[in-house]
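> Below is a structure I'd like to ask you about.
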Protein chains: 2
Amino acid sequence: MSKIHQVAALAGVSIATVSHVINNTRFVSDETRKRVQAAMEEIGYQPNALARSLRRGETKTLGVILPDSSNPYFAEIGRGLELLAFNEGYSIILCNSENDAEIEHQYAEVLSKKQVDGIFFVGTGERPETLLTLLKHNLPLVVMMRDFGDVQVDTVQSDNYQGGTLATRHLLDAGHTRIACIMGPSGLTLSSQRVNAFKDTLNAAGITPDDSMILQGDFHAESACAITRQLLKRPDPPTAIFACNDLMAIGVICAAAELGRRVPGDLAVIGFDNIQLGNFSVPRLTTVAQPKDELVQTATRYMLERIADHTLPPRKSVIPTNLVIRQSCGHLV
Amino acid sequence: MSKIHQVAALAGVSIATVSHVINNTRFVSDETRKRVQAAMEEIGYQPNALARSLRRGETKTLGVILPDSSNPYFAEIGRGLELLAFNEGYSIILCNSENDAEIEHQYAEVLSKKQVDGIFFVGTGERPETLLTLLKHNLPLVVMMRDFGDVQVDTVQSDNYQGGTLATRHLLDAGHTRIACIMGPSGLTLSSQRVNAFKDTLNAAGITPDDSMILQGDFHAESACAITRQLLKRPDPPTAIFACNDLMAIGVICAAAELGRRVPGDLAVIGFDNIQLGNFSVPRLTTVAQPKDELVQTATRYMLERIADHTLPPRKSVIPTNLVIRQSCGHLV
DNA sequence: CAAAAATAAGTAAACGTTTTCTATCCTTCA
DNA sequence: TGAAGGATAGAAAACGTTTACTTATTTTTG
């Protein structure tokens with residue numbers, strides 16, 4: 001690897017001048033500039049970003065900590081963040097916590113040591129230990145899709161309660177009264193918000209929610225398969241299922257097919273997230289769309305603003321969801 | 001952020017001693033060590049990895065360049081690499097080239113400037129410009145799932161020809177003779193290998209491949225939907241389709257359902273990759289599994305070995321695939 | 001025409017570590 | 001008792017940049 005002093009020597013100038021040519025940070029005569037550029041070209045010089053970062057105090061690198069990037073929803077979020085970051089000159093270090101608080105914590109330390117300029121954080125749970133450590137290091141932090149209550153931190157999430165309402169009402173409007181709900185892991189605010197919306201909306205419609213029809217999955221397809229098999233074997237099976245994410249909704253559809261039930265004929269299914277593949281399930285999945293682009297854009301904006309000014313007061317953004325009507329609940333309109 | 005000299009001052013020792021305590025790199029008396037550790041604890045010291053990397057000449061960071069991490073197949077690969085890397089003390093900078101050679105090239109430069117210790121490379125195509133640049137910088141490089149012919153570089157891929165044979169034979173064995181193939185983007189060796197295997201296997205079975213039944217998709221579901229619609233509207237529709245990846249196979253199933261064809265009754269479908277969601281399509285997808293774990297493990301091993309010894313001769317690994325029989329081709333056995 | 005101002009570029013400190021080289025203090029033993 | 005050697009730890013250079021400060025030269029101006 002060639003170094004700046006080699007460029008300087010070859011061009012017959014000081015390293016300061018080379019640096020100024022590279023960064024356009026003070027006037028350099030045309031003639032000198034040309035010589036420097038020629039020299040850089042000749043030896044294929046590339047500035048060492050480590051040295052630059054050490055000196056400048058910024059790495060142009062952001063961390064993303066999330067539970068599992070092979071989950072399509074997180075994959076899409078991660079990809080969105082990466083794209084926007086790239087356009088702003090940042091790279092992304094991707095950290096899968098594997099839903100393990102210990103790994104999450106270790107990664108937080110690694111990122112902090114590597115001096116990333118900020119971290120997008122999707123916690124495995126909502127215990128704030130890791131978060132607080134990070135905040136103590138005074139690292140720009142944007143929490144996504146998690147709710148750490150009154151911790152003072154920039155937060156971006158979608159309106160899960162409103163989304164849950166949308167889903168439930170959609171099922172109700174289609175005439176269903178025996179509706180099951182497969183929730184996500186407990187301990188996540190977004191889970192309880194979706195379920196609370198489900199119950200409240202049912203109540204508002206004069207239907208008492210049946211607790212035996214509200215079951216806990218883990219946001220993966222397999223868990224929803226198993227739960228659906230149980231549900232459909234009951235003497236009083238539900239006619240509709242609200243799965244609290246798309247992966248589980250796909251699991252529901254799969255299990256229903258396995259038992260010979262037709263979707264939406266025998267069983268309506270609605271999901272949550274609007275992952276890309278939901279558009280290609282059989283039948284195509286009706287779902288509550290989390291406004292992915294907006295989530296990602298807002299998170300990125302918060303991040304850039306906070307990097308620019310650490311003293312900004314924390315902001316919280318709750319973005320409304322919208323219904324994507326496809327086939328898995330039948331056609332209403 | 002606290003610095004090593006603050007620890008040293010607090011503990012009443014030199015910064016050299018602190019460094020040696022941190023890295024266990026020379027004997028330090030128990031008493032001194034305790035003092036240093038206490039001091040680190042007290043001020044919450046964390047070593048600055050930039051400074052360390054600059055001095056040591058290694059960043060414990062690897063780059064991954066791939067076309068699109070929101071494609072489930074790449075997401076799973078990326079996640080696998082990240083997991084193994086983490087266990088070896090490395091972090092991953094994730095770079096989506098968005099299938100754009102220009103972005104790919106820019107990212108290669110960024111990674112090189114950031115002094116990553118190596119790069120896992122899944123090119124957008126197989127033109128070797130970016131690759132050669134990277135090799136010129138003498139960066140440890142492992143090419144995955146792409147074939148750059150005689151470029152001297154570590155390469156890990158699955159046996160696409162063998163996989164294509166497996167898929168075609170499976171369809172043949174089920175009695176199909178009118179078989180279509182939806183291939184991936186041209187210009188990718190893996191595409192042509194899979195298709196060549198398809199043709200060869202058909203020929204070997206005494207069936208002349210019908211070129212009008214070999215169509216080009218783009219590895220995304222939508223393209224396969226469109227192609228399948230065309231295919232099934234023909235007067236002589238195929239009774240089976242070999243989709244060259246799972247995403248397209250899912251698109252095929254979706255389009256078939258849309259036209260009221262039953263899978264596998266009216267149309268058998270086989271995919272390639274074995275992505276997780278293939279296990280939850282309706283019907284569950286029969287597919288050729290790329291040995292993801294083995295690909296990722298081999299790639300990681302190559303990487304670590306090359307980092308340890310830059311002079312190693314380049315190695316190429318071709319890993320056999322295996323058939324995962326589920327439901328989309330009917331039950332044979 | 002001398003002094004002030006403007007122009008162009010060089011010198012060296014700083015970023016926060018690691019690591020080589022060196023120093024001090026004890027023991028030990030001839 | 002004095003030199004050798006072991007045990008412990010400090011001083012300073014090095015990693016490759018950026019940038020504040022300084023200098024040399026030329027131009028402008030009163």
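Chain identifiers are assigned as A, B, and so on, following the order in which chains appear in the structure tokens; residues are numbered from 1 within each chain, and ligands are numbered from 1 in order of appearance.
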Could you list, with a cut-off of 9 Å and counting only C-alpha atoms (C1' of nucleotides), the residues of chain C near chain A, each shown with its nearest atom pair and the distance in Å rounded to one decimal, rows sorted by chain and ascending number, as JSON lines?

{"residue": "C:DA8", "atom": "C1'", "partner": "A:Val28", "partner_atom": "CA", "distance": 7.0}
{"residue": "C:DA9", "atom": "C1'", "partner": "A:Thr17", "partner_atom": "CA", "distance": 6.8}
{"residue": "C:DG10", "atom": "C1'", "partner": "A:Ser14", "partner_atom": "CA", "distance": 6.2}
{"residue": "C:DA14", "atom": "C1'", "partner": "A:Arg55", "partner_atom": "CA", "distance": 7.5}
{"residue": "C:DC15", "atom": "C1'", "partner": "A:Arg55", "partner_atom": "CA", "distance": 4.3}
{"residue": "C:DG16", "atom": "C1'", "partner": "A:Leu54", "partner_atom": "CA", "distance": 7.8}
> Among region 261-292 of chain B, which ones does DSSP assign to helix (DSSP H, G or I) (computed from the backbone)? Answer as a list in words.
Gln276, Leu277, Gly278, Asn279, Phe280 and Lys292 of chain B
> Find the residues of chain D that sit at most 10 Å from chain A; for each, write down the nearest two atoms and how far apart they are in Å, to one decimal. Count only C-alpha atoms (C1' of nucleotides). Sort by chain, then by number going up, and give it as JSON lines.

{"residue": "D:DC15", "atom": "C1'", "partner": "A:Ala51", "partner_atom": "CA", "distance": 8.0}
{"residue": "D:DG16", "atom": "C1'", "partner": "A:Ala51", "partner_atom": "CA", "distance": 5.1}
{"residue": "D:DT17", "atom": "C1'", "partner": "A:Ala51", "partner_atom": "CA", "distance": 4.7}
{"residue": "D:DT18", "atom": "C1'", "partner": "A:Arg55", "partner_atom": "CA", "distance": 6.1}
{"residue": "D:DT19", "atom": "C1'", "partner": "A:Ala16", "partner_atom": "CA", "distance": 8.6}
> Store the residues picked out above in a file with all heavy atoms, as an mmCIF file, in the first residue's frame.

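What follows is the written file again-v7.cif:
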data_model
loop_
_atom_site.group_PDB
_atom_site.id
_atom_site.type_symbol
_atom_site.label_atom_id
_atom_site.label_comp_id
_atom_site.auth_asym_id
_atom_site.auth_seq_id
_atom_site.Cartn_x
_atom_site.Cartn_y
_atom_site.Cartn_z
ATOM 1 P P DC D 15 6.265 3.394 10.466
ATOM 2 O OP1 DC D 15 6.939 2.459 9.556
ATOM 3 O OP2 DC D 15 6.431 4.849 10.323
ATOM 4 O "O5'" DC D 15 4.697 3.124 10.408
ATOM 5 C "C5'" DC D 15 4.106 1.936 10.872
ATOM 6 C "C4'" DC D 15 2.640 2.190 11.093
ATOM 7 O "O4'" DC D 15 2.461 2.790 12.388
ATOM 8 C "C3'" DC D 15 2.059 3.226 10.131
ATOM 9 O "O3'" DC D 15 1.546 2.546 8.983
ATOM 10 C "C2'" DC D 15 0.942 3.883 10.945
ATOM 11 C "C1'" DC D 15 1.258 3.508 12.395
ATOM 12 N N1 DC D 15 1.445 4.655 13.316
ATOM 13 C C2 DC D 15 0.737 4.687 14.516
ATOM 14 O O2 DC D 15 -0.038 3.760 14.779
ATOM 15 N N3 DC D 15 0.903 5.734 15.366
ATOM 16 C C4 DC D 15 1.757 6.718 15.044
ATOM 17 N N4 DC D 15 1.892 7.724 15.920
ATOM 18 C C5 DC D 15 2.496 6.693 13.824
ATOM 19 C C6 DC D 15 2.308 5.663 13.001
ATOM 20 P P DG D 16 1.964 3.072 7.512
ATOM 21 O OP1 DG D 16 1.631 2.015 6.551
ATOM 22 O OP2 DG D 16 3.323 3.638 7.551
ATOM 23 O "O5'" DG D 16 0.956 4.279 7.291
ATOM 24 C "C5'" DG D 16 -0.427 4.003 7.227
ATOM 25 C "C4'" DG D 16 -1.181 5.309 7.218
ATOM 26 O "O4'" DG D 16 -0.985 5.988 8.466
ATOM 27 C "C3'" DG D 16 -0.738 6.291 6.134
ATOM 28 O "O3'" DG D 16 -1.897 6.837 5.560
ATOM 29 C "C2'" DG D 16 0.042 7.336 6.895
ATOM 30 C "C1'" DG D 16 -0.711 7.346 8.208
ATOM 31 N N9 DG D 16 0.036 7.857 9.337
ATOM 32 C C8 DG D 16 1.393 7.816 9.536
ATOM 33 N N7 DG D 16 1.768 8.364 10.663
ATOM 34 C C5 DG D 16 0.588 8.790 11.254
ATOM 35 C C6 DG D 16 0.350 9.462 12.477
ATOM 36 O O6 DG D 16 1.187 9.813 13.326
ATOM 37 N N1 DG D 16 -0.993 9.704 12.687
ATOM 38 C C2 DG D 16 -1.998 9.356 11.821
ATOM 39 N N2 DG D 16 -3.241 9.668 12.189
ATOM 40 N N3 DG D 16 -1.805 8.728 10.665
ATOM 41 C C4 DG D 16 -0.491 8.480 10.446
ATOM 42 P P DT D 17 -1.896 7.637 4.200
ATOM 43 O OP1 DT D 17 -2.251 6.724 3.112
ATOM 44 O OP2 DT D 17 -0.660 8.429 4.108
ATOM 45 O "O5'" DT D 17 -3.151 8.581 4.439
ATOM 46 C "C5'" DT D 17 -2.967 9.910 4.846
ATOM 47 C "C4'" DT D 17 -3.849 10.191 6.031
ATOM 48 O "O4'" DT D 17 -3.075 9.936 7.202
ATOM 49 C "C3'" DT D 17 -4.265 11.646 6.110
ATOM 50 O "O3'" DT D 17 -5.590 11.758 5.658
ATOM 51 C "C2'" DT D 17 -4.149 12.015 7.567
ATOM 52 C "C1'" DT D 17 -3.320 10.907 8.187
ATOM 53 N N1 DT D 17 -2.010 11.358 8.710
ATOM 54 C C2 DT D 17 -1.961 12.030 9.906
ATOM 55 O O2 DT D 17 -2.956 12.319 10.558
ATOM 56 N N3 DT D 17 -0.715 12.370 10.324
ATOM 57 C C4 DT D 17 0.473 12.110 9.676
ATOM 58 O O4 DT D 17 1.542 12.453 10.177
ATOM 59 C C5 DT D 17 0.359 11.411 8.429
ATOM 60 C C7 DT D 17 1.584 11.062 7.657
ATOM 61 C C6 DT D 17 -0.854 11.070 8.002
ATOM 62 P P DT D 18 -6.126 13.158 5.170
ATOM 63 O OP1 DT D 18 -7.498 12.919 4.696
ATOM 64 O OP2 DT D 18 -5.112 13.756 4.292
ATOM 65 O "O5'" DT D 18 -6.161 14.013 6.516
ATOM 66 C "C5'" DT D 18 -7.172 13.760 7.475
ATOM 67 C "C4'" DT D 18 -7.068 14.766 8.587
ATOM 68 O "O4'" DT D 18 -5.724 14.794 9.115
ATOM 69 C "C3'" DT D 18 -7.372 16.204 8.177
ATOM 70 O "O3'" DT D 18 -8.124 16.765 9.252
ATOM 71 C "C2'" DT D 18 -6.000 16.856 8.045
ATOM 72 C "C1'" DT D 18 -5.227 16.114 9.121
ATOM 73 N N1 DT D 18 -3.760 15.971 8.943
ATOM 74 C C2 DT D 18 -2.937 16.265 10.004
ATOM 75 O O2 DT D 18 -3.340 16.676 11.072
ATOM 76 N N3 DT D 18 -1.588 16.061 9.774
ATOM 77 C C4 DT D 18 -1.007 15.597 8.611
ATOM 78 O O4 DT D 18 0.204 15.446 8.534
ATOM 79 C C5 DT D 18 -1.925 15.304 7.538
ATOM 80 C C7 DT D 18 -1.387 14.802 6.236
ATOM 81 C C6 DT D 18 -3.231 15.502 7.748
ATOM 82 P P DT D 19 -8.911 18.123 9.097
ATOM 83 O OP1 DT D 19 -10.095 18.029 9.953
ATOM 84 O OP2 DT D 19 -9.029 18.433 7.667
ATOM 85 O "O5'" DT D 19 -7.903 19.164 9.749
ATOM 86 C "C5'" DT D 19 -7.570 19.015 11.125
ATOM 87 C "C4'" DT D 19 -6.520 20.033 11.487
ATOM 88 O "O4'" DT D 19 -5.220 19.611 11.016
ATOM 89 C "C3'" DT D 19 -6.733 21.414 10.885
ATOM 90 O "O3'" DT D 19 -6.357 22.354 11.871
ATOM 91 C "C2'" DT D 19 -5.743 21.463 9.730
ATOM 92 C "C1'" DT D 19 -4.595 20.695 10.386
ATOM 93 N N1 DT D 19 -3.576 20.131 9.470
ATOM 94 C C2 DT D 19 -2.309 19.961 9.960
ATOM 95 O O2 DT D 19 -1.988 20.249 11.099
ATOM 96 N N3 DT D 19 -1.414 19.428 9.059
ATOM 97 C C4 DT D 19 -1.669 19.083 7.750
ATOM 98 O O4 DT D 19 -0.788 18.615 7.043
ATOM 99 C C5 DT D 19 -3.019 19.282 7.315
ATOM 100 C C7 DT D 19 -3.403 18.921 5.914
ATOM 101 C C6 DT D 19 -3.905 19.794 8.179
#
> Counting only C-alpha atoms, which of B:Ala180, B:Leu166, B:Ala224, B:Met145 gets nearest to chain A?
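Nearest candidate to chain A out of B:Ala180, B:Leu166, B:Ala224, B:Met145: B:Ala224.
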> Write out as CSV the residues of chain B that have any atom within 8 Å of an atom of chain A, one row each with the nearest atom pair and its distance in Å to one decimal, counting only C-alpha atoms, sorted by chain and then rising number.

residue,atom,partner,partner_atom,distance
B:Met1,CA,A:His137,CA,7.0
B:Gln46,CA,A:Lys113,CA,6.3
B:Pro47,CA,A:Lys113,CA,6.2
B:Asn48,CA,A:Lys113,CA,5.3
B:Ala49,CA,A:Lys114,CA,4.9
B:Leu50,CA,A:Leu50,CA,6.0
B:Ala51,CA,A:Leu54,CA,6.5
B:Ser53,CA,A:Leu50,CA,7.5
B:Leu54,CA,A:Leu50,CA,6.1
B:Asp68,CA,A:Arg79,CA,7.6
B:Ser69,CA,A:Arg79,CA,6.2
B:Ser70,CA,A:Glu76,CA,5.0
B:Pro72,CA,A:Pro72,CA,6.5
B:Ala75,CA,A:Ser70,CA,5.0
B:Glu76,CA,A:Ser70,CA,5.0
B:Arg79,CA,A:Ser70,CA,6.2
B:Glu82,CA,A:Cys95,CA,7.5
B:Leu83,CA,A:Asn96,CA,7.6
B:Ser91,CA,A:Ile93,CA,6.9
B:Ile92,CA,A:Ile93,CA,5.5
B:Ile93,CA,A:Ile93,CA,4.3
B:Leu94,CA,A:Ile92,CA,6.0
B:Cys95,CA,A:Glu82,CA,7.5
B:Asn96,CA,A:Arg79,CA,7.4
B:Lys113,CA,A:Ala49,CA,5.2
B:Lys114,CA,A:Ala49,CA,4.9
B:Gln115,CA,A:Asn48,CA,7.0
B:His137,CA,A:Met1,CA,7.1
B:Ala221,CA,A:Phe280,CA,7.3
B:Ile250,CA,A:Phe280,CA,6.6
B:Gly251,CA,A:Phe280,CA,6.1
B:Ile253,CA,A:Val282,CA,7.6
B:Cys254,CA,A:Phe280,CA,5.6
B:Ala257,CA,A:Val282,CA,6.8
B:Phe280,CA,A:Cys254,CA,5.6
B:Ser281,CA,A:Cys254,CA,6.3
B:Val282,CA,A:Cys254,CA,5.8
B:Pro283,CA,A:Cys254,CA,7.6
B:Arg284,CA,A:Cys254,CA,7.9
> Could the residues in this selection be saved with N, CA, C and O atoms as a compact mmCIF listing (two decimals), in the first residue's frame?

# COMPACT_ATOMS: atom_id res chain seq x y z
N MET B 1 -14.86 10.01 25.85
CA MET B 1 -14.14 8.73 25.80
C MET B 1 -12.82 8.82 26.55
O MET B 1 -12.02 9.72 26.32
N GLN B 46 -12.38 1.94 27.33
CA GLN B 46 -12.47 1.00 26.20
C GLN B 46 -11.43 1.40 25.17
O GLN B 46 -11.43 2.53 24.69
N PRO B 47 -10.58 0.45 24.80
CA PRO B 47 -9.52 0.77 23.83
C PRO B 47 -10.12 1.27 22.52
O PRO B 47 -11.15 0.78 22.09
N ASN B 48 -9.45 2.20 21.91
CA ASN B 48 -9.86 2.72 20.61
C ASN B 48 -9.35 1.78 19.52
O ASN B 48 -8.15 1.69 19.27
N ALA B 49 -10.29 1.10 18.87
CA ALA B 49 -9.89 0.09 17.89
C ALA B 49 -9.23 0.70 16.66
O ALA B 49 -8.44 0.05 15.99
N LEU B 50 -9.53 1.95 16.38
CA LEU B 50 -8.89 2.59 15.23
C LEU B 50 -7.40 2.70 15.44
O LEU B 50 -6.59 2.33 14.58
N ALA B 51 -7.05 3.22 16.59
CA ALA B 51 -5.64 3.41 16.90
C ALA B 51 -4.93 2.06 16.91
O ALA B 51 -3.86 1.89 16.34
N SER B 53 -5.83 -0.65 15.33
CA SER B 53 -5.73 -1.18 13.97
C SER B 53 -4.64 -0.49 13.18
O SER B 53 -3.91 -1.12 12.42
N LEU B 54 -4.56 0.80 13.35
CA LEU B 54 -3.55 1.57 12.62
C LEU B 54 -2.16 1.05 12.96
O LEU B 54 -1.33 0.81 12.09
N ASP B 68 -27.75 -8.15 -3.37
CA ASP B 68 -28.93 -7.59 -2.72
C ASP B 68 -29.31 -8.42 -1.49
O ASP B 68 -29.85 -9.50 -1.62
N SER B 69 -29.04 -7.88 -0.34
CA SER B 69 -29.25 -8.66 0.88
C SER B 69 -30.72 -8.79 1.26
O SER B 69 -31.05 -9.44 2.24
N SER B 70 -31.63 -8.18 0.49
CA SER B 70 -33.02 -8.44 0.83
C SER B 70 -33.56 -9.63 0.02
O SER B 70 -34.68 -10.07 0.21
N PRO B 72 -33.72 -13.34 -0.08
CA PRO B 72 -33.55 -14.27 1.03
C PRO B 72 -32.31 -15.15 0.92
O PRO B 72 -31.66 -15.44 1.91
N ALA B 75 -29.46 -13.05 1.88
CA ALA B 75 -29.61 -12.72 3.29
C ALA B 75 -29.10 -13.87 4.15
O ALA B 75 -28.38 -13.66 5.14
N GLU B 76 -29.46 -15.09 3.76
CA GLU B 76 -29.03 -16.24 4.55
C GLU B 76 -27.52 -16.43 4.47
O GLU B 76 -26.86 -16.75 5.46
N ARG B 79 -25.87 -13.69 6.55
CA ARG B 79 -26.03 -13.97 7.96
C ARG B 79 -25.09 -15.07 8.41
O ARG B 79 -24.49 -15.00 9.48
N GLU B 82 -21.62 -13.73 8.67
CA GLU B 82 -21.51 -12.84 9.82
C GLU B 82 -21.34 -13.65 11.09
O GLU B 82 -20.51 -13.33 11.95
N LEU B 83 -22.12 -14.72 11.20
CA LEU B 83 -22.07 -15.54 12.40
C LEU B 83 -20.69 -16.16 12.60
O LEU B 83 -20.09 -16.07 13.68
N SER B 91 -15.84 -8.45 12.53
CA SER B 91 -17.12 -7.83 12.19
C SER B 91 -17.24 -7.77 10.68
O SER B 91 -16.26 -7.90 9.96
N ILE B 92 -18.47 -7.53 10.24
CA ILE B 92 -18.76 -7.54 8.80
C ILE B 92 -19.30 -6.19 8.35
O ILE B 92 -20.24 -5.66 8.94
N ILE B 93 -18.69 -5.65 7.32
CA ILE B 93 -19.29 -4.50 6.65
C ILE B 93 -20.07 -5.02 5.46
O ILE B 93 -19.51 -5.69 4.58
N LEU B 94 -21.37 -4.76 5.46
CA LEU B 94 -22.24 -5.32 4.43
C LEU B 94 -22.45 -4.33 3.30
O LEU B 94 -22.85 -3.19 3.52
N CYS B 95 -22.21 -4.78 2.09
CA CYS B 95 -22.30 -3.90 0.92
C CYS B 95 -23.23 -4.49 -0.13
O CYS B 95 -22.93 -5.53 -0.71
N ASN B 96 -24.33 -3.82 -0.37
CA ASN B 96 -25.24 -4.24 -1.43
C ASN B 96 -24.89 -3.49 -2.70
O ASN B 96 -25.00 -2.28 -2.76
N LYS B 113 -10.03 1.20 1.31
CA LYS B 113 -9.57 2.35 2.11
C LYS B 113 -9.77 2.10 3.60
O LYS B 113 -8.96 2.53 4.41
N LYS B 114 -10.85 1.43 3.92
CA LYS B 114 -11.10 1.18 5.34
C LYS B 114 -10.24 0.05 5.88
O LYS B 114 -10.37 -0.35 7.02
N GLN B 115 -9.38 -0.47 5.03
CA GLN B 115 -8.39 -1.45 5.46
C GLN B 115 -8.99 -2.73 6.01
O GLN B 115 -8.45 -3.31 6.95
N HIS B 137 -4.64 -4.72 -4.99
CA HIS B 137 -4.37 -4.17 -3.66
C HIS B 137 -3.87 -5.25 -2.70
O HIS B 137 -3.64 -4.99 -1.53
N ALA B 221 -39.23 -13.14 -8.10
CA ALA B 221 -40.50 -13.85 -8.25
C ALA B 221 -41.33 -13.28 -9.40
O ALA B 221 -41.91 -14.03 -10.19
N ILE B 250 -41.27 -19.84 -6.46
CA ILE B 250 -42.42 -19.33 -5.72
C ILE B 250 -43.29 -18.48 -6.64
O ILE B 250 -44.53 -18.55 -6.59
N GLY B 251 -42.66 -17.73 -7.51
CA GLY B 251 -43.40 -16.96 -8.50
C GLY B 251 -44.18 -17.87 -9.44
O GLY B 251 -45.33 -17.59 -9.80
N ILE B 253 -45.35 -20.89 -8.77
CA ILE B 253 -46.48 -21.44 -8.02
C ILE B 253 -47.59 -20.41 -7.91
O ILE B 253 -48.78 -20.72 -8.08
N CYS B 254 -47.20 -19.19 -7.67
CA CYS B 254 -48.18 -18.12 -7.52
C CYS B 254 -48.96 -17.91 -8.83
O CYS B 254 -50.19 -17.84 -8.83
N ALA B 257 -51.35 -20.80 -9.55
CA ALA B 257 -52.56 -20.71 -8.74
C ALA B 257 -53.52 -19.68 -9.34
O ALA B 257 -54.73 -19.91 -9.44
N PHE B 280 -42.46 -23.29 3.39
CA PHE B 280 -43.79 -22.86 3.82
C PHE B 280 -44.65 -22.37 2.68
O PHE B 280 -45.68 -21.75 2.90
N SER B 281 -44.21 -22.60 1.45
CA SER B 281 -45.08 -22.26 0.34
C SER B 281 -46.19 -23.32 0.28
O SER B 281 -46.13 -24.35 0.94
N VAL B 282 -47.20 -23.00 -0.52
CA VAL B 282 -48.30 -23.97 -0.70
C VAL B 282 -48.34 -24.35 -2.17
O VAL B 282 -48.67 -23.50 -2.99
N PRO B 283 -47.99 -25.55 -2.53
CA PRO B 283 -47.45 -26.60 -1.68
C PRO B 283 -45.99 -26.30 -1.32
O PRO B 283 -45.36 -25.48 -1.96
N ARG B 284 -45.51 -27.04 -0.31
CA ARG B 284 -44.12 -26.84 0.09
C ARG B 284 -43.19 -27.14 -1.09
O ARG B 284 -43.43 -28.09 -1.84
> As a PyMOL selection string, please: every residue in region 173-224 of chain A that a backbone DSSP assignment puts in strand (DSSP E).
chain A and resi 179-183+214-216
> Now that the selection is made, can you save its residues with N, CA and C atoms as a CSV table (one decimal), in the first residue's frame?

chain,number,residue,atom,x,y,z
A,179,ILE,N,-62.4,-15.1,15.6
A,179,ILE,CA,-61.1,-14.7,15.1
A,179,ILE,C,-60.0,-15.0,16.1
A,180,ALA,N,-59.0,-15.7,15.6
A,180,ALA,CA,-57.9,-16.0,16.5
A,180,ALA,C,-56.8,-15.0,16.2
A,181,CYS,N,-55.9,-15.0,17.1
A,181,CYS,CA,-54.7,-14.1,17.0
A,181,CYS,C,-53.5,-14.8,17.4
A,182,ILE,N,-52.5,-14.8,16.5
A,182,ILE,CA,-51.2,-15.4,16.9
A,182,ILE,C,-50.2,-14.2,17.1
A,183,MET,N,-49.9,-14.1,18.4
A,183,MET,CA,-49.1,-12.9,18.7
A,183,MET,C,-47.6,-13.2,18.6
A,214,ILE,N,-56.1,-16.6,21.6
A,214,ILE,CA,-55.0,-15.7,21.4
A,214,ILE,C,-53.7,-16.4,21.9
A,215,LEU,N,-52.9,-16.8,21.0
A,215,LEU,CA,-51.8,-17.7,21.3
A,215,LEU,C,-50.5,-17.0,20.9
A,216,GLN,N,-49.4,-17.5,21.6
A,216,GLN,CA,-48.2,-16.9,21.4
A,216,GLN,C,-47.2,-17.6,20.4
> If you count only C-alpha atoms (C1' of nucleotides), which residues fall within 10 Å of DC21 (chain D), apart from same-chain ones fewer than 4 positions away, as an NGL selection string?
:C and (11-13)
> Tell me which protein, DNA and RNA residues are within 10 Å of DA4 (chain C), counting only C-alpha atoms (C1' of nucleotides), leaving out same-chain ones fewer than 6 positions away, and put them as a VMD selection string.
chain D and resid 28 to 30
> Which neighbours of Met40 (chain B) fall inside 9 Å, counting only C-alpha atoms (C1' of nucleotides), when residues of the same chain fewer than 5 positions from it are skipped, and could you give them as a ChimeraX atom specification?
/B:4,6-8,10-11,18,35,45-46
> Which residue gives the smallest distance to DA13 (chain D) among C:DC1, C:DA6, C:DC26, C:DT18, with only C-alpha atoms (C1' of nucleotides) counted?
C:DT18
> Neighbours of region 307-323 of chain A within 10 Å (only C-alpha atoms (C1' of nucleotides); same-chain residues fewer than 6 positions away dropped), as JSON, numbers by chain?
{"A": [58, 117, 118, 138, 139, 140, 141, 142, 143, 144, 145, 147, 151, 152, 153, 154, 155, 156, 157, 158, 159, 160, 161, 162, 163, 164, 166, 167, 170, 270, 271, 272, 273, 274, 286, 287, 288, 289, 290, 291, 292, 294, 295, 298, 299, 301]}
> What's the 12 Å shell around Ala204 (chain B), counting only C-alpha atoms (C1' of nucleotides), without same-chain residues fewer than 5 positions away, as a list in words?
Thr165, Thr168, Arg169, Leu172, Asn196, Ala197, Phe198, Lys199 and Pro209 of chain B
> Could you dump the residues just selected with N, CA and C atoms as a tab-separated table (two decimals), in the first residue's frame?

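Saved as part_29.tsv:
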chain	number	residue	atom	x	y	z
B	165	THR	N	-28.79	-31.13	-12.94
B	165	THR	CA	-29.06	-32.52	-13.31
B	165	THR	C	-30.06	-33.16	-12.35
B	168	THR	N	-33.59	-31.82	-12.96
B	168	THR	CA	-34.19	-32.30	-14.20
B	168	THR	C	-34.54	-33.78	-14.11
B	169	ARG	N	-33.61	-34.52	-13.57
B	169	ARG	CA	-33.85	-35.96	-13.44
B	169	ARG	C	-35.06	-36.21	-12.54
B	172	LEU	N	-38.03	-35.72	-14.62
B	172	LEU	CA	-38.10	-36.82	-15.58
B	172	LEU	C	-38.62	-38.09	-14.90
B	196	ASN	N	-27.52	-25.76	-18.86
B	196	ASN	CA	-26.83	-26.79	-19.63
B	196	ASN	C	-27.13	-28.18	-19.08
B	197	ALA	N	-27.12	-28.26	-17.75
B	197	ALA	CA	-27.44	-29.54	-17.13
B	197	ALA	C	-28.86	-29.95	-17.52
B	198	PHE	N	-29.75	-28.98	-17.53
B	198	PHE	CA	-31.14	-29.24	-17.90
B	198	PHE	C	-31.21	-29.83	-19.31
B	199	LYS	N	-30.55	-29.16	-20.22
B	199	LYS	CA	-30.58	-29.63	-21.62
B	199	LYS	C	-29.92	-31.00	-21.77
B	209	PRO	N	-34.55	-30.81	-26.10
B	209	PRO	CA	-35.00	-29.60	-25.40
B	209	PRO	C	-35.65	-28.64	-26.38
